[in-house]
Amino acid sequence: MQLDSKIPKGNLPDKWTSYSSSVPLVSPANKRRIDVIVIGSGLAGASAAATLGELGYNVKCFCFQDSPRRAHSIAAQGGINAAKNYQNDGDSVWRLFYDTIKGGDYRAREANVHRLAECSTHIIDQCVAQGVPFAREYGGLLANRSFGGVQVSRTFYARGQTGQQLLLGAYSALERQINAKTVEMFTRHEMLDVVLIDGKARGIIARDLVSGEIQRHGAHAVVLATGGYGNVFFLSTNAMGSNVTAAWKAHRKGSLFANPCFTQIHPTCIPVSGHFQSKLTLMSESLRNDGRVWVPKRKEDRLKNPLEIKEEDRDYYLERRYPAFGNLVPRDVASRAAKIVCDAGNSVSEKGQAVYLDFSDAIKRLGKDKIAERYGNLFDMYQRITDENPYERPMKIFPAVHYTMGGLWVDYELSTNIPGLYALGEANFSDHGANRLGASALMQGLADGYFILPVTIGSYLSKEIRTPHIDTNHPAFATAEKQVKDQINQLLNINGTKTVDEFHMELGKIMWDKCGMERTAQGLTQARKEIRALRDEFYKNVKVSGNADEFNPELEKAGRVADFLELGELMVIDALERNESCGGHFRAESVTEDGEAKRNDSEYMYVAAWQYDINNPTLVKEPLDYEVVHPSERSYK
Amino acid sequence: MKITLKIWRQRNAKEAGKLETYQLNDVTTDMSFLEMMDILNQHLIKEGKDPVAFDHDCREGICGMCSMVINGKPHGPLKATTTCQLHMRSFKDGETITIEPFRAGAFPVIKDLSVNRGAFDRIIQAGGYISVNTGSAVDANAIPIDKITADLAMDAAECIGCGACVAACKNSSAMLFLSAKVSQFALLPQGQAERSLRVLNMVEQHDAEGFGSCTNTYACEAECPKQISVTNIARLNREYLMATSSAQVVKEKNFSM
């Protein structure tokens with residue numbers, strides 16, 4: 001199988017302009033006759049559905065939550081990057097492009113990333129026009145702050161709730177189109193299969209989560225904006241409902257899954273406190289603007305009151321190891337450094353692993369009020385969860401699974417290898433390489449949804465103007481519907497002894513221990529065996545309560561965990577195949593002399609795209625050509 | 001710690017519900033309230049019983065999906081805290097906790113503690129937006145907004161749309177939710193063009209959904225997990241009054257006082 005990334009010819013800075021000027025258009029009269037399905041209503045899904053509706057397409061949008069406003073984009077705290085250079089600190093589209101490519105450890109496509117940087121400025125304009133209340137200076141102009149992995153201030157924010165405000169902006173645009181009847185919204189609906197006719201995506205099978213009804217929906221194209229798969233680890237910063245099911249069903253139907261092992265472990269999360277833990281809470285990366293990360297130098301001090309540990313007895317290990325970027329090194333670097341000091345025995349938590357994030361210097365420098373204004377809601381959240389006051393004692397933090405760079409393989413047009421099937425936002429693999437920089441997920445979701453897909457989908461739909469509305473009586477719909485119903489009945493009838501959550505937790509532990517912050521060939525090989533055994537046991541011994549024809553959250557979870565049990569194995573296979581360290585993927589066998597990740601460009605400079613086969617998936621490689629940037633060792637020292 | 005739970009069980013919107021009693025002996029103080037519910041459900045599944053349906057998603061206090069009236073208070077006893085951010089250290093060993101759904105005619109029960117809050121989306125559809133198509137915006141810094149006003153708009157925009165204000169109100173009014181959105185856009189220069197029609201259309205939809213009127217008890221503000229202020233309701237009333245005399249409204253809605 002040959003993959004065509006469809007990157008336009010021409011100079012890098014001109015590619016997107018020349019592409020958008022020459023892509024075929026669909027006339028307003030024809031748009032009215034074309035149906036598009038959008039799955040997911042987060043930043044990517046809501047912005048795509050709203051924009052396609054504005055353009056005049058007939059859109060159906062689906063989300064599993066009770067309202068599109070609840071998608072997990074809402075939980076993003078810190079901010080959104082844009083190359084506005086409002087601070088006059090030397091920023092530019094080129095620098096944002098370069099930082100993102102370097103931050104991704106040279107495993108992303110140049111053309112995609114440059115386009116992302118170009119779109120970034122329009123996103124801010126669009127959001128402000130929608131009434132998104134970004135932080136402002138007293139003069140009335142927009143404020144910025146810094147994020148990890150960069151040396152400029154290009155992050156726009158709305159207190160600690162930037163994701164919420166951006167999502168509510170996209171949600172309001174979506175609700176406006178629902179009112180205008182260009183978009184029909186299906187809340188509490190879950191996509192359970194994609195339907196292909198003659199090799200093209202022509203619709204979906206969905207379950208109404210309230211009534212349990214299995215429905216057929218036809219369309220000329222299907223857009224998946226269904227987020228990431230971090231919940232394969234059970235414990236992550238993702239929402240409880242975040243899942244891989246829609247993307248995995250597409251993968252099973254032939255859509256390639258790219259770089260599944262590229263997961264982001266975020267350095268600043270509240271540590272695990274007990275076996276009952278259901279999720280982990282992120283403390284925004286923006287905290288590293290003013291917080292200093294440290295552990296005691298001496299192991300015997302680790303459980304001592306931190307206020308009594310003298311300055312000279314503290315190891316500010318990020319500032320020590322990475323003087324150029326200090327506490328603002330990228331996430332993968334900061335997480336691994338925390339693991340190293342904790343593995344060495346300097347963890348500051350009695351129960352598990354933790355390091356300090358300390359604001360006392362910043363409070364001395366700026367005053368408590370200023371810190372409260374910047375991070376007040378995060379400090380409050382920390383105190384509610386841990387019962388400790390971060391204004392007085394340093395926060396305890398530890399890395400946790402946060403984001404997945406891997407996802408469905410897409411070309412430059414955001415199309416998967418199945419014609420008519422698109423993937424946006426975190427659900428695709430495209431822009432962040434092996435590590436995503438902070439404040440770039442919001443940027444990518446909105447760039448894909450507002451500015452990229454609405455243009456690129458024309459290249460496909462312009463050839464579909466003679467296709468009538470899709471007939472859902474086609475046998476392909478009947479077959480897909482039967483498969484969905486069979487799987488539901490299978491899960492309900494096993495009637496074993498272990499709950500869905502118990503299987504999910506076991507899977508999560510395998511993934512975290514053997515496919516988490518550090519991976520070895522031996523551990524990965526073992527993990528694959530364990531996941532297969534767990535999957536076999538799941539289909540013999542899972543207990544799913546309730547019925548198919550009612551509101552049944554346990555049944556929803558069971559279907560999602562069944563897919564995670566397949567995805568987990570693919571992640572392990574991918575991690576084993578990539579015998580190099582890059583970005584969030586750290587192979588203990590591939591390190592430099594001073595313990596940093598060692599990339600291997602001569603052998604692994606490609607996108608690893610996998611073709612579904614439950615026993616033996618096939619690897620398809622898309623080589624990465626760097627025409628403009630020269631990949632070098634990624635140094636933040 | 002040991003806890004006794006009295007939980008509202010209702011199979012679906014049509015059948016009647018009632019409180020059922022459950023005992024939990026393996027609760028710890030560091031557990032979140034929803035983790036306590038998870039543990040209850042694990043026990044129920046193992047016993048072959050139907051687990052309790054409740055809405056939840058982000059568990060970070062921002063998505064607005066979690067609800068529940070706990071011991072008579074929406075989102076439980078702590079001020080400015082959603083149910084998912086509540087921890088068991090807020091309760092005493094041996095305590096009996098009563099858990100019910102958000103109750104309002106406009107929020108029909110789906111199952112147990114899960115309710116349908118689609119009415120909120122329909123209120124937003126009626127006008128909770130600024131009509132700007134993708135691509136037609138001017139440069140973001142071309143619209144300076146003084147910091148005080150921007151902060152006030154942000155205060156209003158922090159609403160998570162959970163519906164606690166409705167559950168707290170004896171009239172089941174959604175005025176706090178509605179006024180937060182009206183205020184955000186009334187304060188900002190971008191919201192001026194549609195200011196009058198927006199408030200009228202949204203109030204009309206609010207009433208059509210069956211939410212009650214505001215009688216200024218301020219229960220909504222007291223229970224709001226995001227501390228949205230009732231001054232937004234005052235602003236809503238002013239906006240409504242001004243709108244009824246605007247030329248745009250008189251023409252488009254054939255409105256007369």
# chains A, B, ... in the order shown; residues from 1 in each chain; ligands from 1
>>> closest_atom_pairs(of="region 456-566 of chain A", to="region 583-586 of chain A", cutoff="7 Å", atoms="only C-alpha atoms", output="Markdown table")
| residue | atom | partner | partner_atom | distance |
| --- | --- | --- | --- | --- |
| A:Met517 | CA | A:Phe586 | CA | 6.6 |
| A:Glu518 | CA | A:Phe586 | CA | 5.2 |
| A:Arg519 | CA | A:Phe586 | CA | 6.0 |
>>> interface_residues(of="chain B", to="chain A", cutoff="6 Å", atoms="only C-alpha atoms", output="ChimeraX atom specification")
/B:57-58,63,125,129-130,137,139-141,144-147,154
>>> closest_residue(among="A:Lys249, A:His114, A:Lys463, A:Arg599", to="Ala562 (chain A)", atoms="only C-alpha atoms")
A:Lys249
>>> residues_around(residues="Asn435 (chain A)", least_positions_apart="5", cutoff="8 Å", atoms="only C-alpha atoms", output="CSV table (one decimal) with N, CA and C atoms, in the first residue's frame")
chain,number,residue,atom,x,y,z
A,103,GLY,N,9.7,21.1,18.6
A,103,GLY,CA,9.0,20.6,19.8
A,103,GLY,C,8.5,19.1,19.5
A,104,GLY,N,8.1,18.9,18.3
A,104,GLY,CA,7.6,17.5,17.9
A,104,GLY,C,8.7,16.6,17.6
A,105,ASP,N,9.9,17.0,17.8
A,105,ASP,CA,11.1,16.2,17.6
A,105,ASP,C,11.2,15.6,16.2
A,262,PHE,N,2.7,7.4,20.2
A,262,PHE,CA,3.1,8.8,20.6
A,262,PHE,C,2.0,9.4,21.5
A,263,THR,N,2.3,9.2,22.8
A,263,THR,CA,1.4,9.8,23.8
A,263,THR,C,2.1,10.8,24.7
A,264,GLN,N,1.4,11.8,25.1
A,264,GLN,CA,2.0,12.9,25.9
A,264,GLN,C,1.7,12.7,27.3
A,331,ARG,N,7.1,19.5,27.5
A,331,ARG,CA,6.4,18.5,28.4
A,331,ARG,C,7.2,17.2,28.5
A,332,ASP,N,7.6,16.6,27.4
A,332,ASP,CA,8.2,15.3,27.5
A,332,ASP,C,9.5,15.4,28.3
A,405,MET,N,-0.6,12.2,20.5
A,405,MET,CA,-0.2,12.8,19.2
A,405,MET,C,-0.6,11.9,18.1
A,583,GLY,N,10.6,12.5,21.3
A,583,GLY,CA,9.5,13.2,21.9
A,583,GLY,C,9.0,12.4,23.1
A,584,GLY,N,7.7,12.1,23.1
A,584,GLY,CA,7.1,11.4,24.3
A,584,GLY,C,7.4,9.9,24.3
>>> select_by_dssp(residues="region 325-555 of chain A", states="strand (DSSP E or B)", output="number ranges by chain")
A: 355-358, 395-404, 407-408, 415, 421-423, 428, 498-499, 519, 542-543
>>> write_last_selection(atoms="N, CA and C atoms", output="tab-separated table (two decimals), in the first residue's frame")
chain	number	residue	atom	x	y	z
A	355	VAL	N	6.91	15.52	42.86
A	355	VAL	CA	7.95	16.55	43.02
A	355	VAL	C	7.23	17.84	43.41
A	356	TYR	N	8.00	18.84	43.84
A	356	TYR	CA	7.38	20.11	44.23
A	356	TYR	C	7.32	21.10	43.06
A	357	LEU	N	6.22	21.87	43.03
A	357	LEU	CA	6.10	23.02	42.15
A	357	LEU	C	5.84	24.20	43.09
A	358	ASP	N	6.82	25.08	43.17
A	358	ASP	CA	6.90	26.04	44.28
A	358	ASP	C	6.69	27.48	43.78
A	395	MET	N	3.09	23.05	45.72
A	395	MET	CA	2.23	21.98	45.19
A	395	MET	C	3.05	20.70	45.03
A	396	LYS	N	2.39	19.55	45.21
A	396	LYS	CA	3.01	18.28	44.82
A	396	LYS	C	2.43	17.89	43.47
A	397	ILE	N	3.31	17.58	42.56
A	397	ILE	CA	2.85	17.22	41.21
A	397	ILE	C	3.59	15.99	40.70
A	398	PHE	N	3.00	15.35	39.71
A	398	PHE	CA	3.66	14.23	39.03
A	398	PHE	C	3.07	14.10	37.63
A	399	PRO	N	3.86	13.57	36.69
A	399	PRO	CA	3.34	13.45	35.32
A	399	PRO	C	2.14	12.50	35.20
A	400	ALA	N	1.27	12.80	34.25
A	400	ALA	CA	0.12	11.92	33.96
A	400	ALA	C	-0.21	12.00	32.47
A	401	VAL	N	-0.84	10.95	31.98
A	401	VAL	CA	-1.21	10.89	30.56
A	401	VAL	C	-2.19	12.02	30.26
A	402	HIS	N	-1.95	12.74	29.16
A	402	HIS	CA	-2.72	13.95	28.92
A	402	HIS	C	-3.24	14.06	27.49
A	403	TYR	N	-2.45	13.62	26.53
A	403	TYR	CA	-2.80	13.90	25.13
A	403	TYR	C	-2.18	12.81	24.27
A	404	THR	N	-2.80	12.56	23.13
A	404	THR	CA	-2.22	11.57	22.24
A	404	THR	C	-1.92	12.22	20.89
A	407	GLY	N	-2.95	9.07	15.97
A	407	GLY	CA	-4.37	9.09	15.62
A	407	GLY	C	-4.56	8.60	14.20
A	408	LEU	N	-5.74	8.83	13.65
A	408	LEU	CA	-6.00	8.35	12.29
A	408	LEU	C	-5.06	9.05	11.32
A	415	SER	N	-7.96	14.15	4.97
A	415	SER	CA	-8.72	12.97	4.59
A	415	SER	C	-7.95	11.72	5.03
A	421	LEU	N	-13.83	10.13	4.21
A	421	LEU	CA	-13.72	10.03	5.66
A	421	LEU	C	-12.58	10.92	6.15
A	422	TYR	N	-12.90	11.91	6.96
A	422	TYR	CA	-11.94	12.91	7.41
A	422	TYR	C	-11.70	12.78	8.92
A	423	ALA	N	-10.55	13.22	9.38
A	423	ALA	CA	-10.28	13.22	10.82
A	423	ALA	C	-9.62	14.55	11.20
A	428	ASN	N	-6.75	13.04	14.71
A	428	ASN	CA	-5.79	12.71	13.66
A	428	ASN	C	-4.37	12.77	14.23
A	498	LYS	N	-16.30	-10.17	36.37
A	498	LYS	CA	-15.52	-8.95	36.55
A	498	LYS	C	-16.20	-7.76	35.87
A	499	THR	N	-16.14	-6.58	36.51
A	499	THR	CA	-16.79	-5.42	35.93
A	499	THR	C	-15.93	-4.82	34.81
A	519	ARG	N	10.00	2.95	27.91
A	519	ARG	CA	9.62	1.70	27.26
A	519	ARG	C	10.86	0.88	26.92
A	542	VAL	N	-16.52	-10.74	31.32
A	542	VAL	CA	-16.97	-9.40	31.70
A	542	VAL	C	-18.44	-9.45	32.10
A	543	LYS	N	-18.80	-8.58	33.04
A	543	LYS	CA	-20.20	-8.51	33.46
A	543	LYS	C	-20.73	-7.12	33.11
>>> atom_distance(atom1="CA of Lys637 (chain A)", atom2="CA of Gln151 (chain A)")
12.8 Å
>>> residues_around(residues="Ala234 (chain B)", least_positions_apart="6", cutoff="12 Å", atoms="only C-alpha atoms", output="CSV table (one decimal) with C-alpha atoms, in the first residue's frame")
chain,number,residue,atom,x,y,z
B,175,MET,CA,-32.7,33.5,34.9
B,176,LEU,CA,-29.1,33.2,36.2
B,178,LEU,CA,-29.9,33.2,30.8
B,179,SER,CA,-28.6,36.5,32.3
B,180,ALA,CA,-25.0,35.4,32.3
B,182,VAL,CA,-27.0,38.1,27.8
B,183,SER,CA,-24.6,40.0,30.1
B,214,CYS,CA,-37.3,35.3,39.1
B,215,THR,CA,-38.5,36.5,42.4
B,216,ASN,CA,-35.1,37.6,43.8
B,218,TYR,CA,-30.8,34.8,45.3
B,240,TYR,CA,-35.1,43.6,28.4
B,241,LEU,CA,-36.7,46.9,29.2
>>> residues_around(residues="Gly118 (chain B)", least_positions_apart="2", cutoff="8 Å", atoms="only C-alpha atoms", output="PyMOL selection string")
(chain A and resi 66-67) or (chain B and resi 107+116+120-122)
>>> write_last_selection(atoms="C-alpha atoms", output="mmCIF file, in the first residue's frame")
data_model
loop_
_atom_site.group_PDB
_atom_site.id
_atom_site.type_symbol
_atom_site.label_atom_id
_atom_site.label_comp_id
_atom_site.auth_asym_id
_atom_site.auth_seq_id
_atom_site.Cartn_x
_atom_site.Cartn_y
_atom_site.Cartn_z
ATOM 1 C CA ASP A 66 -25.879 15.792 26.882
ATOM 2 C CA SER A 67 -24.842 19.016 25.143
ATOM 3 C CA PHE B 107 -35.376 19.102 33.194
ATOM 4 C CA ASN B 116 -32.360 16.188 30.236
ATOM 5 C CA PHE B 120 -30.454 25.233 27.918
ATOM 6 C CA ASP B 121 -29.184 24.534 24.407
ATOM 7 C CA ARG B 122 -32.449 25.797 22.945
#
